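Note sheet for the following structure.
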Amino acid sequence: MGWCPSVTPAKYNTIQHVDFVNPSQTPSGGSNVEKFESNNVLFSDNTSVFTFFCVISVNLVLALGRNLDYAVLIPILVITYSLLHFLVIKMFLASISIDKNGVYLKSFEIRDVVLNYKDIKSVKTFKLNKPSIALKAIGLMILVAFLAHSVISGEWKLIVSIAPLLPWYLLVKQKQDREKYDLDIQLYIESKKKKWYELSPYYSVITDQMTASGIQAAIGHYTGAK
């Protein structure tokens, strides 16, 4: 989808890397940054959570849909699409704010996270390569081809299960285009402390160039960037 950018490092061009030393919550004297906040962000971890649930849900529907009565299938579909819609809403509630007390990531992995400055090791930014129109078209063509095959085969339960994906995707894409803009920068906040259940010490933020620069400046202001 257009709001699920790939995070393969090979697809990025490095823009800037800022390391922090002697972290402190006392602002440095060379900047007048007091507070920074922005809603024009998405979190890559939210995309991963959504993709996981989406893949699991679609596979369950494809595996069980043929053998279920409509009386059972319809409620399951309502619950499944309601859960996915809830995850999308949480994704679009994402925001970041920075003040003297720390970095606040709202709706990160469906929860709020606070990063202390003493735990921040570095901030890196990369230029994102947006998915091409051709790639998006191929994805839609695969979905349409699957639905067409199901119609020919008379698999009406599968059609009822999968058909809502197309208009739902278009609505989500329209919502993203209306609320978010120029999401072409991937920003990584590296933590010195990786929890045991975390796969990576990085907190990934997808945003625009101006917001990424503001995040770097604000964090650098409170930590002391070399």
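Letters for chains follow the order of the structure tokens (A, B, ...), residue numbers begin at 1 for each chain, and ligand numbers begin at 1 in the order shown.
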Residue set, chain A restricted to alpha helix (DSSP H), as a PyMOL selection string: chain A and resi 44-64+70-92+133-153+156-162+165-179+209-223
Can you tell me, as a ChimeraX atom specification, what residues are no more than 9 Å from Val61 of chain A when counting only C-alpha atoms, ignoring any on the same chain fewer than 2 positions away? /A:56-59,63-66,73,76-77,158,161-162
Fewer than 5 positions away in the same chain doesn't count, so skip those; otherwise give me all residues within 8 Å of segment 174-191 of chain A, counting only C-alpha atoms, as a list in words. Trp3, Asn40, Val41, Phe92, Asp119, Ile120, Lys121, Ser122, Val123, Lys124, Thr125, Phe126, Lys127, Leu128, Asn129, Lys130, Pro201, Tyr202, Tyr203, Ser204, Val205, Ile206, Thr207, Asp208, Gln209 and Ala212 of chain A
Using only C-alpha atoms, which protein or nucleic acid residues come within 12 Å of Ser95 of chain A? Drop anything in the same chain fewer than 6 positions from it, and give the result as a PyMOL selection string. chain A and resi 36-43+103-108+110-113+179-180+205-207+211+215
